[in-house]
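> Please find structure_29.txt (compact mmCIF, C-alpha atoms (C1' of nucleotides)) on the next line:
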# COMPACT_ATOMS: atom_id res chain seq x y z
CA MET A 17 -73.28 -35.52 -4.62
CA THR A 18 -75.39 -38.62 -4.76
CA ILE A 19 -78.93 -39.76 -4.37
CA ASP A 20 -78.23 -40.05 -0.68
CA THR A 21 -77.78 -36.35 -0.22
CA LEU A 22 -80.76 -35.57 -2.40
CA ASN A 23 -82.94 -37.72 -0.19
CA ALA A 24 -81.23 -36.86 3.03
CA ASP A 25 -84.46 -35.93 4.76
CA THR A 26 -86.55 -38.87 3.59
CA PRO A 27 -87.80 -41.52 5.99
CA ALA A 28 -85.42 -44.24 6.99
CA ALA A 29 -87.54 -46.90 5.31
CA ALA A 30 -87.36 -45.07 2.00
CA ARG A 31 -83.68 -44.29 1.96
CA PRO A 32 -82.30 -47.42 0.36
CA LEU A 33 -84.35 -46.96 -2.80
CA PRO A 34 -84.01 -44.02 -5.18
CA VAL A 35 -87.62 -43.03 -5.73
CA LEU A 36 -89.17 -39.88 -7.02
CA ASN A 37 -91.75 -39.25 -4.37
CA ALA A 38 -89.96 -38.97 -1.10
CA CYS A 39 -92.12 -41.09 1.12
CA CYS A 40 -93.71 -44.14 -0.43
CA VAL A 41 -91.79 -47.36 0.08
CA PRO A 42 -94.26 -49.57 1.87
CA THR A 43 -93.00 -51.30 4.95
CA SER A 44 -93.99 -54.94 4.91
CA THR A 45 -97.54 -55.03 6.20
CA MET A 46 -99.27 -57.78 8.11
CA GLY A 47 -101.94 -59.65 6.15
CA ASP A 48 -105.58 -58.73 6.48
CA ASP A 49 -106.58 -62.05 8.00
CA ASP A 50 -103.92 -61.97 10.68
CA ALA A 51 -104.76 -58.39 11.54
CA VAL A 52 -108.46 -59.14 11.86
CA SER A 53 -107.81 -62.23 13.95
CA LEU A 54 -105.44 -60.44 16.31
CA ALA A 55 -107.69 -57.41 16.56
CA GLY A 56 -110.52 -59.76 17.48
CA MET A 57 -108.57 -61.09 20.43
CA PHE A 58 -107.64 -57.60 21.55
CA LYS A 59 -111.26 -56.51 21.21
CA ALA A 60 -112.26 -59.38 23.45
CA LEU A 61 -109.99 -57.90 26.12
CA ALA A 62 -110.92 -54.29 25.50
CA ASP A 63 -113.17 -53.94 28.53
CA PRO A 64 -112.27 -53.71 32.21
CA ALA A 65 -114.80 -56.38 33.14
CA ARG A 66 -113.23 -58.87 30.77
CA VAL A 67 -109.72 -57.97 31.88
CA LYS A 68 -110.77 -58.71 35.43
CA ILE A 69 -112.26 -62.01 34.34
CA LEU A 70 -109.02 -62.97 32.64
CA SER A 71 -107.11 -61.94 35.73
CA MET A 72 -109.25 -64.19 37.89
CA LEU A 73 -108.73 -67.07 35.51
CA LEU A 74 -104.98 -66.51 35.35
CA ASN A 75 -104.75 -66.71 39.13
CA ALA A 76 -107.07 -69.61 39.75
CA ASP A 77 -106.79 -72.04 36.82
CA GLU A 78 -110.52 -72.70 37.10
CA VAL A 79 -113.32 -70.42 38.22
CA CYS A 80 -117.06 -70.92 38.59
CA ALA A 81 -119.22 -68.51 36.61
CA CYS A 82 -121.04 -67.44 39.76
CA ASP A 83 -117.74 -66.36 41.31
CA VAL A 84 -117.05 -64.32 38.20
CA SER A 85 -120.29 -62.41 38.65
CA ASP A 86 -119.31 -61.46 42.18
CA GLY A 87 -115.70 -60.78 41.22
CA ILE A 88 -116.48 -58.19 38.58
CA GLY A 89 -119.58 -56.76 40.24
CA LYS A 90 -121.92 -57.18 37.32
CA THR A 91 -125.28 -58.82 36.70
CA ALA A 92 -125.34 -62.50 35.84
CA ALA A 93 -126.66 -61.58 32.40
CA THR A 94 -123.87 -59.10 31.78
CA THR A 95 -121.28 -61.55 33.08
CA SER A 96 -122.57 -64.26 30.79
CA HIS A 97 -122.34 -61.85 27.88
CA HIS A 98 -118.69 -61.05 28.64
CA LEU A 99 -117.82 -64.69 29.10
CA LYS A 100 -119.36 -65.45 25.74
CA LEU A 101 -117.22 -62.82 24.06
CA LEU A 102 -114.11 -64.30 25.66
CA ARG A 103 -115.22 -67.77 24.59
CA ASP A 104 -115.91 -66.63 21.02
CA ALA A 105 -112.43 -65.15 20.87
CA GLY A 106 -111.04 -68.50 21.97
CA LEU A 107 -109.37 -67.01 25.01
CA VAL A 108 -111.27 -69.07 27.58
CA THR A 109 -113.24 -72.28 27.68
CA GLY A 110 -116.14 -73.19 29.91
CA ASP A 111 -117.56 -76.58 30.64
CA ARG A 112 -120.67 -77.33 32.59
CA ARG A 113 -120.37 -79.81 35.42
CA GLY A 114 -123.77 -80.30 36.93
CA THR A 115 -125.29 -77.01 37.97
CA TRP A 116 -122.20 -74.90 37.55
CA VAL A 117 -120.04 -73.84 34.63
CA TYR A 118 -116.30 -73.69 35.14
CA TYR A 119 -114.05 -71.46 33.09
CA ARG A 120 -110.35 -71.59 32.37
CA VAL A 121 -107.95 -69.75 30.11
CA VAL A 122 -106.62 -71.15 26.83
CA PRO A 123 -102.87 -70.67 27.28
CA GLU A 124 -102.03 -71.11 23.60
CA ARG A 125 -104.21 -68.18 22.60
CA LEU A 126 -102.66 -65.94 25.21
CA ALA A 127 -99.26 -67.02 23.98
CA ALA A 128 -100.28 -66.03 20.45
CA ILE A 129 -101.04 -62.52 21.63
CA ARG A 130 -97.79 -62.32 23.54
CA ASP A 131 -95.85 -63.44 20.50
CA ALA A 132 -97.53 -60.85 18.30
CA LEU A 133 -96.38 -58.13 20.66
CA ALA A 134 -92.77 -59.26 20.70
CA LEU A 135 -90.19 -56.99 19.19
CA THR A 136 -88.70 -58.45 16.04
CA ARG A 137 -85.57 -56.36 16.09
CA MET B 223 -119.40 -86.97 57.26
CA THR B 224 -117.81 -83.55 57.14
CA ILE B 225 -118.19 -80.23 55.48
CA ASP B 226 -115.98 -81.58 52.72
CA THR B 227 -118.48 -84.15 51.61
CA LEU B 228 -121.33 -81.73 51.92
CA ASN B 229 -119.53 -79.36 49.58
CA ALA B 230 -118.08 -82.01 47.36
CA ASP B 231 -119.48 -80.46 44.20
CA THR B 232 -118.60 -76.86 44.98
CA PRO B 233 -116.14 -74.91 42.85
CA ALA B 234 -112.49 -75.46 43.49
CA ALA B 235 -112.00 -71.89 44.60
CA ALA B 236 -114.66 -72.26 47.27
CA ARG B 237 -113.59 -75.58 48.71
CA PRO B 238 -111.04 -74.49 51.33
CA LEU B 239 -113.54 -72.39 53.27
CA PRO B 240 -116.64 -73.75 55.00
CA VAL B 241 -119.32 -71.36 53.83
CA LEU B 242 -123.07 -71.63 53.75
CA ASN B 243 -123.76 -70.65 50.17
CA ALA B 244 -121.95 -73.00 47.91
CA CYS B 245 -120.33 -70.64 45.52
CA CYS B 246 -119.21 -67.32 46.90
CA VAL B 247 -115.56 -67.15 47.84
CA PRO B 248 -114.21 -64.38 45.68
CA THR B 249 -111.05 -65.14 43.81
CA SER B 250 -108.63 -62.29 44.21
CA THR B 251 -109.71 -59.73 41.67
CA MET B 252 -107.55 -57.20 39.89
CA GLY B 253 -108.07 -53.60 41.01
CA ASP B 254 -110.34 -51.31 39.07
CA ASP B 255 -107.57 -48.95 38.05
CA ASP B 256 -105.34 -51.69 36.69
CA ALA B 257 -108.24 -53.24 34.81
CA VAL B 258 -109.20 -49.94 33.22
CA SER B 259 -105.62 -49.18 32.30
CA LEU B 260 -105.03 -52.57 30.73
CA ALA B 261 -108.38 -52.54 28.95
CA GLY B 262 -107.44 -49.15 27.54
CA MET B 263 -104.31 -50.60 25.95
CA PHE B 264 -106.24 -53.55 24.57
CA LYS B 265 -108.89 -51.20 23.21
CA ALA B 266 -106.16 -49.29 21.44
CA LEU B 267 -105.25 -52.50 19.62
CA ALA B 268 -108.82 -53.65 19.02
CA ASP B 269 -108.92 -52.71 15.37
CA PRO B 270 -107.26 -54.35 12.36
CA ALA B 271 -105.92 -51.04 11.13
CA ARG B 272 -104.14 -50.38 14.41
CA VAL B 273 -102.82 -53.92 14.59
CA LYS B 274 -101.31 -53.42 11.16
CA ILE B 275 -99.79 -50.14 12.26
CA LEU B 276 -98.21 -51.81 15.25
CA SER B 277 -96.94 -54.59 13.03
CA MET B 278 -95.28 -52.07 10.73
CA LEU B 279 -93.69 -50.35 13.68
CA LEU B 280 -92.46 -53.61 15.18
CA ASN B 281 -90.71 -54.48 11.93
CA ALA B 282 -89.23 -51.12 11.10
CA ASP B 283 -88.32 -49.35 14.34
CA GLU B 284 -89.39 -46.07 12.77
CA VAL B 285 -92.06 -45.37 10.18
CA CYS B 286 -93.22 -42.18 8.49
CA ALA B 287 -96.91 -41.41 8.88
CA CYS B 288 -97.38 -41.23 5.13
CA ASP B 289 -96.10 -44.82 4.81
CA VAL B 290 -98.63 -45.83 7.44
CA SER B 291 -101.47 -44.44 5.36
CA ASP B 292 -100.39 -46.48 2.38
CA GLY B 293 -99.67 -49.55 4.48
CA ILE B 294 -103.11 -49.82 5.99
CA GLY B 295 -105.05 -48.51 3.01
CA LYS B 296 -106.93 -45.78 4.80
CA THR B 297 -107.40 -42.03 4.39
CA ALA B 298 -104.81 -39.75 5.90
CA ALA B 299 -107.44 -38.45 8.30
CA THR B 300 -108.44 -41.93 9.41
CA THR B 301 -104.79 -42.92 9.78
CA SER B 302 -104.12 -39.88 11.91
CA HIS B 303 -107.08 -40.82 14.07
CA HIS B 304 -105.75 -44.33 14.63
CA LEU B 305 -102.26 -43.06 15.36
CA LYS B 306 -103.69 -40.69 17.93
CA LEU B 307 -105.46 -43.53 19.71
CA LEU B 308 -102.23 -45.50 19.80
CA ARG B 309 -100.40 -42.43 21.08
CA ASP B 310 -103.01 -41.75 23.75
CA ALA B 311 -102.66 -45.33 24.92
CA GLY B 312 -98.92 -44.79 25.21
CA LEU B 313 -98.15 -47.62 22.81
CA VAL B 314 -96.37 -45.49 20.21
CA THR B 315 -94.69 -42.13 20.03
CA GLY B 316 -94.41 -39.80 17.12
CA ASP B 317 -92.09 -36.88 16.60
CA ARG B 318 -92.16 -34.39 13.82
CA ARG B 319 -88.93 -33.82 11.92
CA GLY B 320 -89.50 -31.17 9.36
CA THR B 321 -92.38 -32.04 7.11
CA TRP B 322 -92.82 -35.61 8.26
CA VAL B 323 -93.83 -37.32 11.47
CA TYR B 324 -92.02 -40.48 12.47
CA TYR B 325 -93.59 -43.10 14.69
CA ARG B 326 -92.05 -45.82 16.84
CA VAL B 327 -93.31 -48.29 19.39
CA VAL B 328 -92.89 -47.85 23.15
CA PRO B 329 -91.37 -51.21 24.11
CA GLU B 330 -92.08 -50.84 27.84
CA ARG B 331 -95.81 -50.54 27.24
CA LEU B 332 -95.87 -53.59 25.03
CA ALA B 333 -93.93 -55.43 27.69
CA ALA B 334 -96.57 -54.43 30.24
CA ILE B 335 -99.25 -56.05 28.12
CA ARG B 336 -97.17 -59.17 27.65
CA ASP B 337 -96.59 -59.42 31.37
CA ALA B 338 -100.29 -59.06 32.13
CA LEU B 339 -101.01 -62.03 29.90
CA ALA B 340 -98.44 -64.27 31.52
CA LEU B 341 -99.67 -67.29 33.37
CA THR B 342 -99.05 -66.99 37.10
CA ARG B 343 -99.24 -70.70 37.83
C1' DA C 25 -144.07 -83.47 39.03
C1' DC C 26 -142.71 -79.44 41.19
C1' DC C 27 -139.79 -75.67 42.92
C1' DT C 28 -135.13 -73.55 43.42
C1' DT C 29 -130.91 -72.03 41.77
C1' DG C 30 -127.36 -71.25 38.15
C1' DT C 31 -126.79 -69.86 33.41
C1' DT C 32 -127.92 -68.13 28.88
C1' DT C 33 -130.73 -65.61 25.46
C1' DC C 34 -133.76 -61.69 24.05
C1' DG C 35 -135.09 -56.94 23.51
C1' DA C 36 -134.27 -52.32 24.46
C1' DC C 37 -131.63 -48.15 25.51
C1' DG C 38 -127.86 -44.93 25.60
C1' DT C 39 -122.94 -44.65 24.56
C1' DT C 40 -118.85 -45.26 22.02
C1' DC C 41 -116.50 -46.16 17.67
C1' DA C 42 -114.67 -46.11 12.63
C1' DT C 43 -114.98 -43.71 8.73
C1' DC C 44 -115.37 -40.07 5.57
C1' DT C 45 -115.26 -35.05 3.78
C1' DA C 46 -113.93 -30.51 4.60
C1' DA C 47 -111.43 -27.26 6.90
C1' DG C 48 -107.41 -25.86 9.60
C1' DC C 49 -102.45 -26.01 11.00
C1' DA C 50 -97.21 -26.91 10.25
C1' DC C 51 -93.48 -26.79 7.44
C1' DT C 52 -90.73 -26.24 3.05
C1' DG C 53 -89.14 -24.13 -1.03
C1' DA C 54 -89.49 -20.65 -4.54
C1' DT D 241 -94.97 -13.90 1.13
C1' DC D 242 -97.25 -17.31 -1.31
C1' DA D 243 -98.24 -22.01 -3.05
C1' DG D 244 -97.83 -26.87 -2.17
C1' DT D 245 -97.55 -30.91 0.68
C1' DG D 246 -98.02 -33.56 5.00
C1' DC D 247 -100.64 -33.98 9.11
C1' DT D 248 -104.41 -33.04 12.43
C1' DT D 249 -109.00 -31.52 13.93
C1' DA D 250 -114.13 -30.88 13.44
C1' DG D 251 -118.53 -32.48 12.31
C1' DA D 252 -121.68 -36.01 10.68
C1' DT D 253 -123.36 -40.66 10.11
C1' DG D 254 -124.19 -45.55 10.50
C1' DA D 255 -122.55 -49.64 13.05
C1' DA D 256 -121.07 -51.95 17.19
C1' DC D 257 -120.90 -52.16 22.19
C1' DG D 258 -122.16 -52.49 27.43
C1' DT D 259 -125.73 -52.76 30.38
C1' DC D 260 -129.89 -54.27 32.41
C1' DG D 261 -134.61 -56.63 33.30
C1' DA D 262 -137.35 -60.29 31.81
C1' DA D 263 -137.92 -64.59 29.93
C1' DA D 264 -136.17 -69.16 28.67
C1' DC D 265 -133.27 -73.12 29.52
C1' DA D 266 -130.57 -76.66 32.44
C1' DA D 267 -129.86 -79.52 36.72
C1' DG D 268 -130.67 -80.95 41.21
C1' DG D 269 -133.37 -81.84 45.32
C1' DT D 270 -137.75 -82.70 47.61
Render the structure in this file as structure tokens.

Amino acid sequence: MTIDTLNADTPAAARPLPVLNACCVPTSTMGDDDAVSLAGMFKALADPARVKILSMLLNADEVCACDVSDGIGKTAATTSHHLKLLRDAGLVTGDRRGTWVYYRVVPERLAAIRDALALTR
Amino acid sequence: MTIDTLNADTPAAARPLPVLNACCVPTSTMGDDDAVSLAGMFKALADPARVKILSMLLNADEVCACDVSDGIGKTAATTSHHLKLLRDAGLVTGDRRGTWVYYRVVPERLAAIRDALALTR
DNA sequence: ACCTTGTTTCGACGTTCATCTAAGCACTGA
DNA sequence: TCAGTGCTTAGATGAACGTCGAAACAAGGT
């Protein structure tokens, strides 16, 4: 009869350590800053319109803002708003060339999201 | 003097087709359903608390709900709310074993997000 | 200088969200 | 059967969000 049998029904994470309360060994938690930063990127993608925009940009390597408006079926004002959110999150960049503004993805930022979602075990 | 020179400053996506208005060839757009579905998963991750939860689950393969509460520093009620959103999005599953509920990630869903963010060119 | 067209900003409106407290449900052990 | 503990649901509240029309700004062409 050991501690193991006493704690037989405790969570897996808690089992290695003999603690009084059954359920309180904290799993290593991500830092606040990282969590906020990642959540910010996810928030930037948390709307169908912006997902569509990203999809357009992933398929075309460069897209004019006016095409984005048509592609997502939203007002120019609304489209500009969404593009700003994506820009602020660092997921896309836009540069003006004459009358038009051209947008492209920022591959490194997308890679950062992909990495964060990778299984570590 | 051809159409090409006339449209020399049109967006790249528009160039192949000789159209009257300079800027209106729609890039292939993702379907509404896919966009909504993907945005739903991103929305589920669009909060630091839920990012932390996912991080815990990615590192531990199974975590008790009570550990989640401690890990993210939120009320049990708030934690349960966040876990429900993650469950509804299909990103995690939880099963009750006796008193406690154990959560784990759903790798296929995370893979779906990763795939959606992959560059196609 | 003007007018036209593409883009962004502003202000407003209704909706959704994160959080808490309090109450309910699920399970265990005495 | 009852008390205690973990988890979820309900209701309320203040903040953030998506959308649009209107106005402002930027560039180009006449």
> Specify as a list of chain:residue names all residues of chain A found within 9 Å of chain C, counting only C-alpha atoms (C1' of nucleotides).
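So the contacting residues turn out to be A:Ala81, A:Cys82, A:Ala92, A:Ala93, A:Ser96, A:His97, A:Thr115, A:Trp116, A:Val117.
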> What are the residues of chain D that have an atom within 12 Å of an atom of chain B, counting all atoms listed in the file, as a PyMOL selection string?
chain D and resi 244-250+268
> Could you state the separation of CA of Val290 (chain B) and CA of Met278 (chain B) in Å, given to one decimal place?
7.8 Å
> Interatomic distance between CA of Arg130 (chain A) and CA of Val67 (chain A)?
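Separation between CA of Arg130 (chain A) and CA of Val67 (chain A): 15.2 Å.
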> Using CA of Ile275 (chain B) and CA of Ala60 (chain A) as the two end points, give the distance in Å to one decimal.
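Interatomic distance here is 19.1 Å.
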> Nearest residue to chain B out of A:Glu124, A:Lys59, A:Asp48, A:Ser85, using all atoms listed in the file?
A:Lys59
> Pick from A:Ala51, A:Met46, A:Tyr119, A:Thr136: nearest to Leu102 (chain A), with all atoms listed in the file counted?
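Of all the options, A:Tyr119 lies closest to Leu102 (chain A).
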